[in-house]
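Worksheet for the structure shown next.
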Amino acid sequence: MGVEGIGARVARKEDKRFLTGKGRYTDDMVVPGMKHACFVRSPHAHAKIRGIDASAAKAMPGVIDVLDGKQLQADGIGNLICGWMIHSKDGSPMKMGAWRPLAVDTVRYVGDAVAIVVADSAVEARDAAEAVEVDYEELPAVTEVLATLEPGAPQLHPEAPGNLIFDWQLGDPEATDRAIASAAHVTEVDIVNNRLSPNAMEPRATLGIYDAAEDHYTCYTTSQNPHVARLVMSAFYNVAPENKLRVIAPDVGGGFGSKIFIYPEEIVCLWASKKTGVPVKWTSDRTEAFLTDAHGRDHVSKVKMAFDADHRIIGLKVDTIANLGAYMSLFSSCVPTYLYATLLSGQYDIPAIHANVRTVYTNTAPVDAYRGAGRPEATYLLERTMEIAARELGMSPAELRRKNFIRSFPHQTPVIMNYDAGDYEASLNAAMQAADWSGFAERRAQSEARGRKRGIGMSCYIEACGLAPSSAVGSLGAGVGLWESAEVRVNAVGTIEVFTGSHSHGQGHETTFAQVVADRLGVPIDSINIVHGDTDKVQMGMGTYGSRSGAVGMSAVVKALDKVEAKAKKIAAHLMEADESDIVVENGELKVAGTDKTLPWPQVALAAYTAHNLPSGMEPGLKESAFYDPSNFTFPAGCYIAEVEVDPETGETDIVQFVAADDFGNIINPMIVEGQVHGGLAQGIGQALLEGVHYDPETGQLLTASYMDYTMPRADDLPSFKLSHQNTPCPNNPLGVKGCGEAGAIGSPPALINAITDAIGHDRLAMPATPMKVWHALHAAH
Amino acid sequence: MAKVTLVVNGRTVSGECEDRMLLVHFIREKLGLTGTHVGCDTTQCGACVVHMDGRSVKSCSILAVQASGSTVTTIEGLAPQGELHPVQAAFKEHHGLQCGFCTPGMVMTAVDMINHHGGNLDEASIRAGLEGNICRCTGYHNIVKAVLAADAEMAGAGRRQAAE
């Protein structure tokens with residue numbers, strides 16, 4: 001590796017602008033004539049709209065117009081869609097209720113958008129929104145998964161009787177039942193995966209600009225995938241055809257899944273810009289973000305894990321109900337199905353698995369992918385069950401896992417996935433050593449002497465990144481392909497621009513993608529620019545989520561580099577009168593192997609663009625593009641260990657140490673990878689100890705709608721982390737990378753809850769393990 | 001409407017604004033200094049921290065008119081153009097930022113912490129001092145490292161200066 005190539009800890013190219021206040025986020029954008037929007041939102045969880053009177057609002061200072069859902073519908077703007085078709089086990093398609101960008105006759109959750117006010121300033125728009133009179137007829141509401149399936153529960157959508165969206169299954173029910181019937185031991189667990197709010201620190205924002213002269217729209221938006229936004233807005237929402245719609249996602253302040261989806265606000269601001277003739281900007285406040293950003297998790301499950309007399313797992317049966325909220329968000333259906341049930345084999349060789357998943361409507365915000373998306377739910381369920389099983393069987397948790405690890409690859413699980421590479425024992429051993437597992441008993445005794453309860457817990461996670469190949473996900477119901485595109489332009493003076501369909505919103509692509517190019521061509525990263533986030537610049541792309549940017553996005557760059565290098569070698573061979581097969585790329589130059597003949601990249605590039613002396617028939621220029629469609633998912637895996645001290649007086653948990661041992665395959669920039677793990681761990685620890693979205697079950701009011709009520713992890717809630725990396729390179733992509741963005745959030749919650757339940761001596765503890773819950777659990781146990 | 005006059009990043013600036021305008025909106029909208037961010041509406045997240053008369057304040061919790069007459073430093077004014085303050089440099093070196101949205105507030109808070117308690121900071125005191133700034137990306141691990149490193153660097157520089 002070079003100092004700037006693959007594997008180097010290169011400081012980030014993008015940092016200076018963020019550190020000096022020169023980042024350009026959507027809310028920072030100002031264009032001539034720009035006005036501001038505020039949405040009128042439902043204060044009720046469920047109500048009929050009898051009428052809207054905007055006359056007083058329209059007369060207020062600065063107000064340009066107030067527009068409602070009937071006008072939007074009359075202009076032919078379409079409903080929001082879920083882009084992944086799931087069929088129930090009876091063969092019927094999922095029951096998708098209509099989601100109008102602005103509600104027309106019914107509102108179904110607190111925060112549902114009803115109208116948009118456009119005014120000179122944001123505060124004038126907000127004042128006027130308060131003055132819009134909406135005549136609601138309140139209806140009963142339901143917020144929880146078990147309640148919504150009860151007979152007589154309030155019904156959300158006529159399309160979905162009983163609030164059931166689909167009743168789906170994966171795996172072999174008969175074989176699993178037989179395994180359970182023949183088992184020497186069955187561990188049964190009820191698992192709740194708590195509902196979370198993603199909370200990217202930059203609230204969502206959008207700026208819609210309609211140009212009447214060109215009949216053209218520009219949309220600045222806080223998106224993880226601007227091309228998908230353009231595709232969906234063109235193909236389904238009838239906002240504008242693709243050639244008349246430019247979507248720009250500039251600097252984006254974190255996403256964690258919540259900025260994958262197309263929300264009503266982008267659509268409505270673009271439409272409102274045309275209606276009013278002015279550019280319209282909307283920026284969410286934090287309360288709106290809690291109300292309307294897609295939430296994550298919210299599963300209720302029953303688990304049976306069957307063991308033979310030798311403590312080998314012989315069957316796993318899972319029955320899950322997943323809350324999708326009031327409407328089906330863009331990828332909501334695939335999260336509790338193909339991103340969840342397919343990972344239920346974990347790191348273990350399990351011959352029979354059956355998962356049944358029902359998804360339901362409730363009067364709550366839509367639920368969709370949040371960091372890990374389905375995989376944290378699978379891992380929490382599996383790793384809590386393994387821990388409880390070990391306790392029931394009187395085995396050490398490490399030994400029970402070791403006994404059941406998959407040890408040869410490729411490994412076909414009974415739930416679709418074909419694991420390509422891994423060494424689960426290596427991560428387990430590394431984590432146990434780093435945590436000084438063998439010294440725990442002594443540390444526990446010391447804690448006991450101080451009146452503290454000490455516990456240790458592990459979790460062995462696997463995830464699947466880089467959803468692929470497109471034909472496979474298509475056969476499972478995906479509405480899009482999941483490839484990535486790249487274009488590498490070697491400019492005439494030898495500098496390089498790389499256009500990628502991946503989108504960086506904190507991941508550091510401007511550095512890591514440049515490292516890949518620098519490594520290949522031997523040029524300094526300062527001469528390489530990474531361009532992303534603009535549909536007018538980048539040919540096409542599927543964006544960034546599911547840790548796909550390395551495994552899929554960078555692989556597309558490598559494919560484009562292959563073509564650039566091949567053409568450059570032809571030019572260099574021609575100029576140096578050598579055989580093409582003798583040309584090698586070294587230290588930023590093209591050389592004739594075994595001679596002192598060399599040409600630096602800038603000279604080859606210039607020759608390509610002057611085109612005075614190119615091989616016969618060659619096109620001028622040095623610019624190549626590629627689309628890369630992976631042949632399989634990638635499978636990062638690892639082992640996390642948490643050690644905690646619980647204060648029995650207060651129920652407070654102190655994380656004494658947290659160890660993460662991850663196998664991400666090859667690593668482009670260890671510093672950035674470590675940062676991804678740290679951030680994921682913080683979100684997972686947040687889920688385990690602090691965070692939870694709560695709705696009042698009677699009224700459907702969101703009780704956790706600010707940072708005073710929803711507990712975000714802060715610096716003094718967390719420890720520093722001990723990390724290590726193991727490496728089994730991914731055999732299915734050219735860089736051997738797997739992905740690291742979600743691991744921390746996937747592996748950490750069960751490790752922590754396993755540690756706390758170890759400390760308090762029993763397993764009846766639900767996330768978030770707040771001091772009050774831990775105190776009650778501890779005192780119920782003794 | 002009220003007239004507000006401030007010294008911001010060394011320049012005297014004036015502007016008319018509504019009485020209810022918050023300092024953060026005055027900085028962002030009237031002065032076009034968009035490095036100061038708004039991440040919440042309850043004074044919890046700290047993305048809007050600036051220095052006012054030498055102390056860090058959350059600029060979302062003070063009216064622009066209240067700040068009139070004071071001296072304000074925003075992230076844009078922390079170091080001369082093209083240069084990095086030692087805290088900014090430490091954040092870069094230790095990867096103390098990812099999406100960059102909380103970063104200006106984090107840096108301004110850290111600078112204030114070092115200005116008032118420099119040389120005496122440890123991991124626990126830094127974590128306590130950053131309690132009013134929320135980051136969703138970094139897990140704080142590298143932010144804490146960066147502040148520790150900047151504190152050591154600035155204390156060392158102070159000692160070197162004193163010796164000269």
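Chain labels follow the order of the structure tokens: the first chain is A, the next B, and so on; residue numbering restarts at 1 in every chain, and ligands are counted from 1 in their shown order.
Listed by chain and then by rising number, the residues of region 53-108 of chain B that DSSP assigns to helix (DSSP H, G or I) from the backbone are Ala64, Val65, Gln66, Ala67, Ile75, Glu76, Gly77, Pro86, Val87, Gln88, Ala89, Ala90, Phe91, Lys92, Glu93, Thr103, Pro104, Gly105, Met106, Val107 and Met108 of chain B.
Residues in contact range of Gly78 (chain A), defined as at most 7 Å between only C-alpha atoms, with sequence neighbours fewer than 6 positions away removed, read A:Phe236, A:Tyr237, A:Asn238.
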Check your understanding: For chain B, which residues have at least one atom within 7 Å of chain A, if we go by only C-alpha atoms? Write them as a PyMOL selection string, please.
Key -> chain B and resi 34-36+39-41+44+75-76+88+92-93+98-104+127-128+130-131+134-141
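Running DSSP on the backbone and keeping only strand (DSSP E or B), the residues of region 259-354 of chain A that qualify are Val280, Lys281, Trp282, Thr283, His295, Gly296, His299, Val300, Ser301, Lys302, Val303, Lys304, Met305, Ala306, Phe307, Ile313, Ile314, Gly315, Leu316, Lys317, Val318, Asp319, Thr320, Ile321, Ala322, Asn323, Tyr348, Ile353 and His354 of chain A.
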Could those residues be written to a file, using C-alpha atoms, as a PDB file, in the first residue's frame?
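What landed in part-v3.pdb:
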```
ATOM      1  CA  VAL A 280     -40.039  26.999  -2.424  1.00  0.00           C
ATOM      2  CA  LYS A 281     -37.818  25.858   0.431  1.00  0.00           C
ATOM      3  CA  TRP A 282     -38.903  23.752   3.370  1.00  0.00           C
ATOM      4  CA  THR A 283     -36.731  22.771   6.308  1.00  0.00           C
ATOM      5  CA  HIS A 295     -38.943   5.341  12.110  1.00  0.00           C
ATOM      6  CA  GLY A 296     -37.064   2.067  12.498  1.00  0.00           C
ATOM      7  CA  HIS A 299     -41.009  -5.778  15.916  1.00  0.00           C
ATOM      8  CA  VAL A 300     -42.754  -8.167  18.311  1.00  0.00           C
ATOM      9  CA  SER A 301     -41.599 -11.787  17.971  1.00  0.00           C
ATOM     10  CA  LYS A 302     -41.931 -15.245  19.426  1.00  0.00           C
ATOM     11  CA  VAL A 303     -38.935 -17.556  19.038  1.00  0.00           C
ATOM     12  CA  LYS A 304     -38.380 -21.270  19.483  1.00  0.00           C
ATOM     13  CA  MET A 305     -34.833 -22.599  19.155  1.00  0.00           C
ATOM     14  CA  ALA A 306     -34.417 -26.381  19.203  1.00  0.00           C
ATOM     15  CA  PHE A 307     -31.235 -28.203  20.300  1.00  0.00           C
ATOM     16  CA  ILE A 313     -29.180 -26.168  16.942  1.00  0.00           C
ATOM     17  CA  ILE A 314     -31.532 -28.311  14.885  1.00  0.00           C
ATOM     18  CA  GLY A 315     -34.345 -25.855  14.244  1.00  0.00           C
ATOM     19  CA  LEU A 316     -35.423 -22.231  14.604  1.00  0.00           C
ATOM     20  CA  LYS A 317     -38.992 -20.998  14.445  1.00  0.00           C
ATOM     21  CA  VAL A 318     -39.790 -17.291  14.469  1.00  0.00           C
ATOM     22  CA  ASP A 319     -43.152 -15.551  14.414  1.00  0.00           C
ATOM     23  CA  THR A 320     -42.851 -11.791  13.977  1.00  0.00           C
ATOM     24  CA  ILE A 321     -45.284  -8.912  13.704  1.00  0.00           C
ATOM     25  CA  ALA A 322     -43.750  -5.737  12.284  1.00  0.00           C
ATOM     26  CA  ASN A 323     -45.314  -2.293  12.555  1.00  0.00           C
ATOM     27  CA  TYR A 348     -24.752 -20.819  12.851  1.00  0.00           C
ATOM     28  CA  ILE A 353     -35.591 -22.440   9.857  1.00  0.00           C
ATOM     29  CA  HIS A 354     -39.099 -21.105   9.493  1.00  0.00           C
TER      30      HIS A 354
END
```
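Excluding Gly477 (chain A) and any residue on its chain fewer than 5 positions from it, the residues at most 10 Å away by only C-alpha atoms are Gly83, Trp84, Met85, Ile86, His87, Ser333, Cys334, Tyr338 and Ala472 of chain A.
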Output N, CA and C atoms of each residue in that selection to a file, as a CSV table (one decimal), in the first residue's frame.
```
chain,number,residue,atom,x,y,z
A,83,GLY,N,-41.8,0.4,-3.0
A,83,GLY,CA,-41.2,-0.1,-4.2
A,83,GLY,C,-40.7,-1.6,-4.2
A,84,TRP,N,-41.2,-2.3,-3.2
A,84,TRP,CA,-40.8,-3.7,-3.1
A,84,TRP,C,-42.1,-4.6,-2.9
A,85,MET,N,-42.4,-5.4,-3.9
A,85,MET,CA,-43.7,-6.2,-3.8
A,85,MET,C,-43.4,-7.4,-3.0
A,86,ILE,N,-44.2,-7.6,-1.9
A,86,ILE,CA,-44.2,-8.9,-1.2
A,86,ILE,C,-45.5,-9.5,-1.3
A,87,HIS,N,-45.5,-10.8,-1.5
A,87,HIS,CA,-46.7,-11.6,-1.6
A,87,HIS,C,-46.9,-12.4,-0.3
A,333,SER,N,-41.5,-2.7,3.0
A,333,SER,CA,-41.9,-4.1,2.9
A,333,SER,C,-40.7,-5.1,2.9
A,334,CYS,N,-39.6,-4.6,2.4
A,334,CYS,CA,-38.4,-5.6,2.3
A,334,CYS,C,-37.6,-5.6,3.6
A,338,TYR,N,-37.0,-9.7,3.5
A,338,TYR,CA,-35.8,-10.1,2.9
A,338,TYR,C,-34.5,-9.5,3.5
A,472,ALA,N,-31.6,-11.2,-9.0
A,472,ALA,CA,-32.1,-11.9,-7.8
A,472,ALA,C,-33.1,-11.1,-7.0
```
